file my_file23.tsv (TSV, C-alpha atoms)
chain	number	residue	atom	x	y	z
A	7	MET	CA	0.00	0.00	0.00
A	8	LYS	CA	2.78	2.36	0.99
A	9	LYS	CA	4.64	1.55	-2.26
A	10	ALA	CA	1.56	2.32	-4.34
A	11	LEU	CA	1.18	5.65	-2.54
A	12	HIS	CA	4.79	6.54	-3.33
A	13	ILE	CA	4.23	5.73	-6.99
A	14	LEU	CA	1.08	7.87	-7.06
A	15	VAL	CA	2.95	10.81	-5.50
A	16	TRP	CA	5.72	10.55	-8.09
A	17	VAL	CA	3.21	10.33	-10.94
A	18	LEU	CA	1.44	13.47	-9.67
A	19	LEU	CA	4.74	15.32	-9.31
A	20	ALA	CA	5.81	14.33	-12.83
A	21	GLY	CA	2.49	15.53	-14.19
A	22	ALA	CA	2.88	18.83	-12.37
A	23	VAL	CA	6.36	19.29	-13.85
A	24	VAL	CA	4.92	18.83	-17.33
A	25	LEU	CA	1.69	20.78	-16.93
A	26	LEU	CA	2.72	23.75	-14.80
A	27	PRO	CA	5.15	25.29	-17.35
A	28	ALA	CA	2.55	24.91	-20.10
A	29	PHE	CA	-0.10	26.49	-17.87
A	30	ALA	CA	2.25	29.32	-16.95
A	31	ALA	CA	3.14	29.90	-20.62
A	32	ARG	CA	-0.55	30.03	-21.53
A	33	GLU	CA	-1.23	32.51	-18.76
A	34	ARG	CA	1.76	34.60	-19.80
A	35	ALA	CA	0.55	34.66	-23.42
A	36	GLN	CA	-2.73	36.20	-22.27
A	37	LEU	CA	-0.85	39.20	-20.88
A	38	PRO	CA	-0.46	42.34	-23.04
A	39	CYS	CA	2.33	42.56	-25.61
A	40	GLN	CA	5.16	44.74	-24.32
A	41	GLY	CA	5.79	46.40	-27.69
A	42	GLN	CA	7.85	45.79	-30.81
A	43	VAL	CA	11.54	46.04	-31.61
A	44	PHE	CA	12.87	46.34	-35.16
A	45	SER	CA	16.29	45.15	-36.30
A	46	LEU	CA	17.15	46.63	-39.70
A	47	ASP	CA	20.14	45.47	-41.77
A	48	ALA	CA	20.99	47.74	-44.71
A	49	GLY	CA	23.90	45.56	-45.83
A	50	GLY	CA	26.48	48.33	-45.57
A	51	GLN	CA	24.65	50.62	-48.00
A	52	ALA	CA	22.71	53.78	-47.25
A	53	ALA	CA	19.44	52.93	-45.52
A	54	LEU	CA	16.37	53.09	-47.76
A	55	LEU	CA	14.20	52.29	-44.76
A	56	SER	CA	13.83	53.47	-41.19
A	57	THR	CA	12.11	51.77	-38.30
A	58	ARG	CA	9.43	54.45	-38.55
A	59	ASP	CA	8.82	53.47	-42.19
A	60	LEU	CA	8.36	49.85	-41.14
A	61	GLU	CA	6.04	50.77	-38.27
A	62	ASP	CA	3.89	52.88	-40.59
A	63	PHE	CA	3.81	50.06	-43.15
A	64	LEU	CA	2.60	47.60	-40.52
A	65	LEU	CA	-0.13	50.01	-39.40
A	66	HIS	CA	-1.57	49.97	-42.93
A	67	ARG	CA	-2.44	46.31	-42.38
A	68	PHE	CA	-2.50	45.69	-38.62
A	69	ASP	CA	-3.83	47.54	-35.60
A	70	THR	CA	-1.54	48.92	-32.95
A	71	LEU	CA	-0.05	46.43	-30.49
A	72	GLN	CA	-0.90	48.64	-27.54
A	73	GLY	CA	-2.89	46.65	-24.97
A	74	ARG	CA	-3.27	43.54	-27.16
A	75	ALA	CA	-2.69	40.09	-25.74
A	76	ALA	CA	0.31	38.26	-27.13
A	77	THR	CA	-1.99	35.46	-28.33
A	78	ASP	CA	-3.92	37.96	-30.48
A	79	ILE	CA	-0.82	38.84	-32.49
A	80	ASP	CA	0.21	36.78	-35.52
A	81	PRO	CA	3.97	37.27	-36.13
A	82	GLY	CA	3.79	35.12	-39.27
A	83	ALA	CA	1.19	37.37	-40.87
A	84	MET	CA	3.26	40.46	-40.03
A	85	GLU	CA	6.34	38.79	-41.50
A	86	ASP	CA	4.49	38.05	-44.75
A	87	TRP	CA	3.22	41.61	-44.92
A	88	LEU	CA	6.67	43.13	-44.42
A	89	LYS	CA	7.99	41.05	-47.33
A	90	LYS	CA	5.56	42.92	-49.60
A	91	HIS	CA	7.40	46.20	-48.98
A	92	PRO	CA	9.43	47.07	-52.11
A	93	TYR	CA	12.56	47.79	-50.06
A	94	VAL	CA	12.45	44.58	-47.98
A	95	LEU	CA	14.45	41.55	-49.12
A	96	LYS	CA	13.82	39.30	-46.11
A	97	ALA	CA	11.80	39.58	-42.89
A	98	GLU	CA	11.44	37.46	-39.77
A	99	ALA	CA	9.00	38.10	-36.91
A	100	TYR	CA	8.56	36.29	-33.59
A	101	MET	CA	7.35	36.91	-30.03
A	102	ASP	CA	10.06	36.48	-27.39
A	103	MET	CA	9.65	35.23	-23.80
A	104	ASP	CA	9.15	38.79	-22.57
A	105	ARG	CA	6.15	39.25	-24.90
A	106	THR	CA	8.07	41.65	-27.11
A	107	LEU	CA	7.49	41.32	-30.85
A	108	ARG	CA	10.88	41.08	-32.59
A	109	LEU	CA	11.00	42.00	-36.28
A	110	GLN	CA	14.24	41.45	-38.19
A	111	VAL	CA	14.39	43.02	-41.65
A	112	ILE	CA	17.06	42.82	-44.35
A	113	GLN	CA	16.92	45.63	-46.90
A	114	GLU	CA	17.09	45.17	-50.66
A	115	GLN	CA	20.36	46.48	-52.13
A	116	PRO	CA	20.11	48.89	-55.10
A	117	LEU	CA	22.45	47.78	-57.89
A	118	LEU	CA	21.58	50.09	-60.79
A	119	ARG	CA	19.52	53.23	-61.17
A	120	ILE	CA	17.26	52.96	-64.22
A	121	PHE	CA	16.40	56.07	-66.21
A	122	ARG	CA	13.39	55.52	-68.45
A	123	ALA	CA	12.53	57.47	-71.60
A	124	SER	CA	9.75	59.24	-69.68
A	125	GLY	CA	12.35	60.65	-67.31
A	126	ALA	CA	11.10	58.55	-64.39
A	127	SER	CA	13.73	56.74	-62.37
A	128	VAL	CA	13.70	53.48	-60.38
A	129	TYR	CA	16.24	51.13	-58.80
A	130	LEU	CA	17.12	47.62	-59.92
A	131	SER	CA	18.24	45.64	-56.88
A	132	ARG	CA	20.87	42.93	-56.50
A	133	SER	CA	18.10	40.35	-56.33
A	134	GLY	CA	16.66	41.61	-59.64
A	135	ARG	CA	13.72	43.52	-58.21
A	136	ILE	CA	12.37	46.88	-59.41
A	137	MET	CA	12.17	49.36	-56.53
A	138	PRO	CA	10.88	52.93	-56.33
A	139	LEU	CA	13.44	55.71	-56.06
A	140	ARG	CA	14.17	57.03	-52.58
A	141	GLU	CA	13.92	60.79	-52.95
A	142	GLY	CA	16.73	62.79	-51.38
A	143	LEU	CA	19.11	59.84	-51.24
A	144	ALA	CA	22.20	59.91	-53.48
A	145	LEU	CA	23.68	56.47	-54.15
A	146	ARG	CA	26.94	55.96	-56.03
A	147	ILE	CA	25.65	53.23	-58.33
A	148	PRO	CA	25.79	53.04	-62.15
A	149	ILE	CA	22.98	54.44	-64.26
A	150	LEU	CA	21.13	52.12	-66.66
A	151	SER	CA	19.41	53.66	-69.67
A	152	GLY	CA	18.74	53.15	-73.37
A	153	TYR	CA	16.43	50.67	-75.08
A	154	LEU	CA	15.38	48.80	-71.96
A	155	GLY	CA	12.38	46.92	-73.30
A	156	GLU	CA	9.53	46.05	-70.98
A	157	LEU	CA	10.10	46.62	-67.26
A	158	PRO	CA	8.38	44.76	-64.41
A	159	VAL	CA	6.07	46.81	-62.23
A	160	GLU	CA	7.59	48.19	-59.04
A	161	GLY	CA	8.01	45.57	-56.35
A	162	HIS	CA	8.33	42.70	-58.85
A	163	SER	CA	11.43	40.91	-60.11
A	164	ILE	CA	12.72	40.61	-63.65
A	165	ASP	CA	12.01	37.46	-65.63
A	166	PRO	CA	15.07	36.36	-67.69
A	167	GLN	CA	12.88	35.42	-70.66
A	168	ARG	CA	10.41	38.27	-70.63
A	169	HIS	CA	12.91	40.97	-69.64
A	170	ALA	CA	15.99	39.66	-71.44
A	171	ARG	CA	17.67	43.06	-71.94
A	172	LEU	CA	17.21	44.04	-68.34
A	173	ALA	CA	18.48	40.62	-67.22
A	174	SER	CA	21.69	41.10	-69.26
A	175	ALA	CA	22.30	44.52	-67.73
A	176	HIS	CA	21.58	43.13	-64.27
A	177	ARG	CA	24.17	40.39	-64.74
A	178	LEU	CA	26.73	42.95	-65.91
A	179	GLY	CA	25.96	45.15	-62.91
A	180	LEU	CA	26.54	42.26	-60.51
A	181	LEU	CA	29.94	41.54	-62.05
A	182	LEU	CA	30.95	45.20	-61.90
A	183	GLU	CA	29.98	45.41	-58.25
A	184	LYS	CA	32.23	42.47	-57.34
A	185	ASP	CA	35.32	44.15	-58.79
A	186	ASP	CA	36.66	47.15	-56.86
A	187	PHE	CA	38.39	48.64	-59.90
A	188	LEU	CA	35.50	48.30	-62.34
A	189	ARG	CA	32.90	49.35	-59.76
A	190	LEU	CA	34.66	52.69	-59.40
A	191	LEU	CA	35.36	53.00	-63.13
A	192	VAL	CA	31.92	52.52	-64.74
A	193	SER	CA	29.31	55.26	-64.30
A	194	GLN	CA	26.69	54.14	-66.84
A	195	ILE	CA	25.40	51.11	-68.73
A	196	TYR	CA	23.53	51.81	-71.95
A	197	ILE	CA	21.45	49.29	-73.92
A	198	GLU	CA	21.75	49.81	-77.67
A	199	PRO	CA	18.72	49.51	-80.03
A	200	HIS	CA	19.77	45.98	-81.07
A	201	GLY	CA	20.33	44.94	-77.43
A	202	ASP	CA	24.12	45.23	-77.12
A	203	LEU	CA	25.51	46.65	-73.89
A	204	ARG	CA	27.74	49.72	-73.75
A	205	MET	CA	29.50	51.18	-70.73
A	206	GLU	CA	30.61	54.73	-70.04
A	207	PRO	CA	33.59	55.23	-67.69
A	208	ARG	CA	33.93	58.01	-65.12
A	209	ILE	CA	37.31	58.99	-66.54
A	210	GLY	CA	38.30	59.32	-70.18
A	211	LYS	CA	36.16	60.28	-73.17
A	212	HIS	CA	35.70	56.84	-74.68
A	213	SER	CA	32.90	54.29	-74.69
A	214	ILE	CA	33.24	50.59	-73.96
A	215	ILE	CA	31.30	48.25	-76.28
A	216	VAL	CA	30.46	45.07	-74.36
A	217	GLY	CA	28.14	43.43	-76.87
A	218	ASP	CA	25.72	40.77	-75.64
A	219	SER	CA	25.90	39.04	-72.27
A	220	THR	CA	27.89	35.99	-73.41
A	221	GLY	CA	31.33	35.63	-71.85
A	222	LEU	CA	30.91	38.68	-69.64
A	223	GLU	CA	33.45	37.52	-67.06
A	224	SER	CA	36.15	37.07	-69.71
A	225	LYS	CA	35.31	40.40	-71.37
A	226	LEU	CA	35.66	42.30	-68.10
A	227	GLU	CA	38.91	40.53	-67.26
A	228	ASN	CA	40.30	41.60	-70.64
A	229	LEU	CA	39.09	45.16	-70.09
A	230	GLU	CA	40.74	45.44	-66.69
A	231	ALA	CA	44.00	44.02	-68.04
A	232	PHE	CA	43.88	46.56	-70.87
A	233	TYR	CA	43.38	49.46	-68.48
A	234	ARG	CA	46.15	48.33	-66.19
A	235	GLN	CA	48.65	47.50	-68.94
A	236	GLY	CA	47.63	49.22	-72.15
A	237	LEU	CA	46.49	52.64	-71.00
A	238	VAL	CA	49.11	53.14	-68.33
A	239	ARG	CA	51.62	54.30	-70.96
A	240	GLY	CA	49.57	57.05	-72.54
A	241	PRO	CA	46.61	59.43	-72.29
A	242	TRP	CA	43.24	57.84	-71.70
A	243	ASP	CA	41.56	60.03	-74.32
A	244	ARG	CA	43.48	58.70	-77.32
A	245	TYR	CA	40.75	56.10	-77.96
A	246	GLU	CA	37.16	56.77	-78.95
A	247	LEU	CA	35.90	53.19	-78.56
A	248	ILE	CA	37.10	50.12	-76.68
A	249	ASN	CA	35.41	47.06	-78.13
A	250	LEU	CA	35.12	43.84	-76.11
A	251	LYS	CA	32.80	41.96	-78.49
A	252	TYR	CA	35.51	39.79	-80.04
A	253	LYS	CA	36.64	36.69	-78.18
A	254	ASP	CA	39.83	37.20	-76.13
A	255	GLN	CA	40.47	40.57	-77.82
A	256	VAL	CA	40.24	44.25	-76.98
A	257	VAL	CA	39.84	46.19	-80.23
A	258	CYS	CA	40.32	49.94	-79.93
A	259	THR	CA	39.32	52.75	-82.29
A	260	LYS	CA	41.67	55.71	-82.02
A	261	ARG	CA	40.33	59.21	-81.84
A	262	LYS	CA	41.30	61.26	-84.87
A	263	THR	CA	42.61	64.03	-82.73
A	264	TYR	CA	43.11	64.23	-79.03
A	265	GLU	CA	44.68	66.70	-76.67
A	266	ILE	CA	47.38	65.68	-74.21
A	267	ILE	CA	46.72	67.38	-70.90

call {"tool": "encode", "arguments": {"input": "my_file23.tsv", "output": "structure tokens"}}
result
Amino acid sequence: MKKALHILVWVLLAGAVVLLPAFAARERAQLPCQGQVFSLDAGGQAALLSTRDLEDFLLHRFDTLQGRAATDIDPGAMEDWLKKHPYVLKAEAYMDMDRTLRLQVIQEQPLLRIFRASGASVYLSRSGRIMPLREGLALRIPILSGYLGELPVEGHSIDPQRHARLASAHRLGLLLEKDDFLRLLVSQIYIEPHGDLRMEPRIGKHSIIVGDSTGLESKLENLEAFYRQGLVRGPWDRYELINLKYKDQVVCTKRKTYEII
């Protein structure tokens, strides 16, 4: 009898150990949310977003958290909503043990600034997404212009088949960004009427004909080698065109007259 009583006591204690934390957690979840904390990662670039922007964006879809029970808040729904913002690449939301809503946001990174024929301007991000321009913010990124073809609507990403010209320029922009020398050198990418790519450098009065997007890595390697070895011995303005279209070659067209400064 005494043994059975001991077993019963241990069973009850074990049940309490299991049930009490769950009961306490449920009771704690009924208490009001303590607020929200944003963590914003701009990836080393100028911030397109502020925590105030994100708070205002959430308020368009959700009521204030003030006085609401933690169980009445759906972090997953807020996470999905934040991902719809044109400047947000990734978002994660969760409620911590202190009933504080934690929202971690990674910003999209502008890669190119697109100038359209209408004069309107938008960003093309590293991920290939069209983003609205952030007024008052000056970013040192190349300009993309010319015969762009169809563009996705803002907030949507380019489709390699449907937006082939834009996809080629995007790939070129990614390669330029990876190279410290070329990133500083190129100020503009222009798409020709037949779809070829052309680059304009920040220094010198020449244009760089890239051609189509085939072999871009090799073309840029040849270009950098030419700048470092071929132009080091003379003025940069002696050439009018630097043509990278031919395999493993850099073909230059000399300017008829140039001035040595």

call {"tool": "atom_distance", "arguments": {"input": "my_file23.tsv", "atom1": "atom CA of A:Leu188", "atom2": "atom CA of A:Glu230"}}
result
7.4 Å

call {"tool": "residues_around", "arguments": {"input": "my_file23.tsv", "residues": "stretch 142-158 of chain A", "least_positions_apart": "6", "cutoff": "6 Å", "atoms": "only C-alpha atoms", "output": "list in words"}}
result
Leu118, Arg119, Ile120, Phe121, Ser193, Gln194, Ile195, Tyr196, Ile197, Glu198 and Pro199 of chain A

call {"tool": "closest_residue", "arguments": {"input": "my_file23.tsv", "among": "A:Val128, A:Val257, A:Leu95, A:Ile79", "to": "A:Gln110", "atoms": "only C-alpha atoms"}}
result
A:Leu95

call {"tool": "atom_distance", "arguments": {"input": "my_file23.tsv", "atom1": "atom CA of A:Ile214", "atom2": "atom CA of A:Ala173"}}
result
19.0 Å

call {"tool": "closest_residue", "arguments": {"input": "my_file23.tsv", "among": "A:Ala75, A:Val43, A:Ala231, A:Leu88", "to": "A:Leu60", "atoms": "all atoms listed in the file"}}
result
A:Leu88

call {"tool": "atom_distance", "arguments": {"input": "my_file23.tsv", "atom1": "atom CA of A:Ala53", "atom2": "atom CA of A:Glu114"}}
result
9.6 Å

call {"tool": "closest_residue", "arguments": {"input": "my_file23.tsv", "among": "A:Leu182, A:Lys225, A:Leu139, A:Arg244", "to": "A:Ala126", "atoms": "all atoms listed in the file"}}
result
A:Leu139

call {"tool": "residues_near_point", "arguments": {"input": "my_file23.tsv", "point": "(33.4, 54.7, -75.6)", "cutoff": "7 Å", "atoms": "all atoms listed in the file", "output": "PyMOL selection string"}}
result
chain A and resi 206+211-215+246-248

call {"tool": "residues_near_point", "arguments": {"input": "my_file23.tsv", "point": "(10.2, 38.1, -59.7)", "cutoff": "12 Å", "atoms": "only C-alpha atoms", "output": "ChimeraX atom specification"}}
result
/A:92,95,130-131,133-137,157-169,173

call {"tool": "closest_residue", "arguments": {"input": "my_file23.tsv", "among": "A:Phe187, A:Phe232, A:Phe44, A:Tyr129", "to": "A:Thr106", "atoms": "all atoms listed in the file"}}
result
A:Phe44

call {"tool": "closest_residue", "arguments": {"input": "my_file23.tsv", "among": "A:Glu183, A:Ser45, A:Asn228, A:Tyr233", "to": "A:Ala99", "atoms": "all atoms listed in the file"}}
result
A:Ser45

call {"tool": "axis_aligned_box", "arguments": {"input": "my_file23.tsv", "around": "stretch 174-177 of chain A", "padding_each_side": "4 Å", "output": "JSON"}}
result
{"center_x": 22.9, "center_y": 42.5, "center_z": -66.8, "size_x": 10.6, "size_y": 12.1, "size_z": 13.0}

call {"tool": "closest_residue", "arguments": {"input": "my_file23.tsv", "among": "A:Leu54, A:Val256, A:Met101, A:Leu222", "to": "A:Gln115", "atoms": "only C-alpha atoms"}}
result
A:Leu54
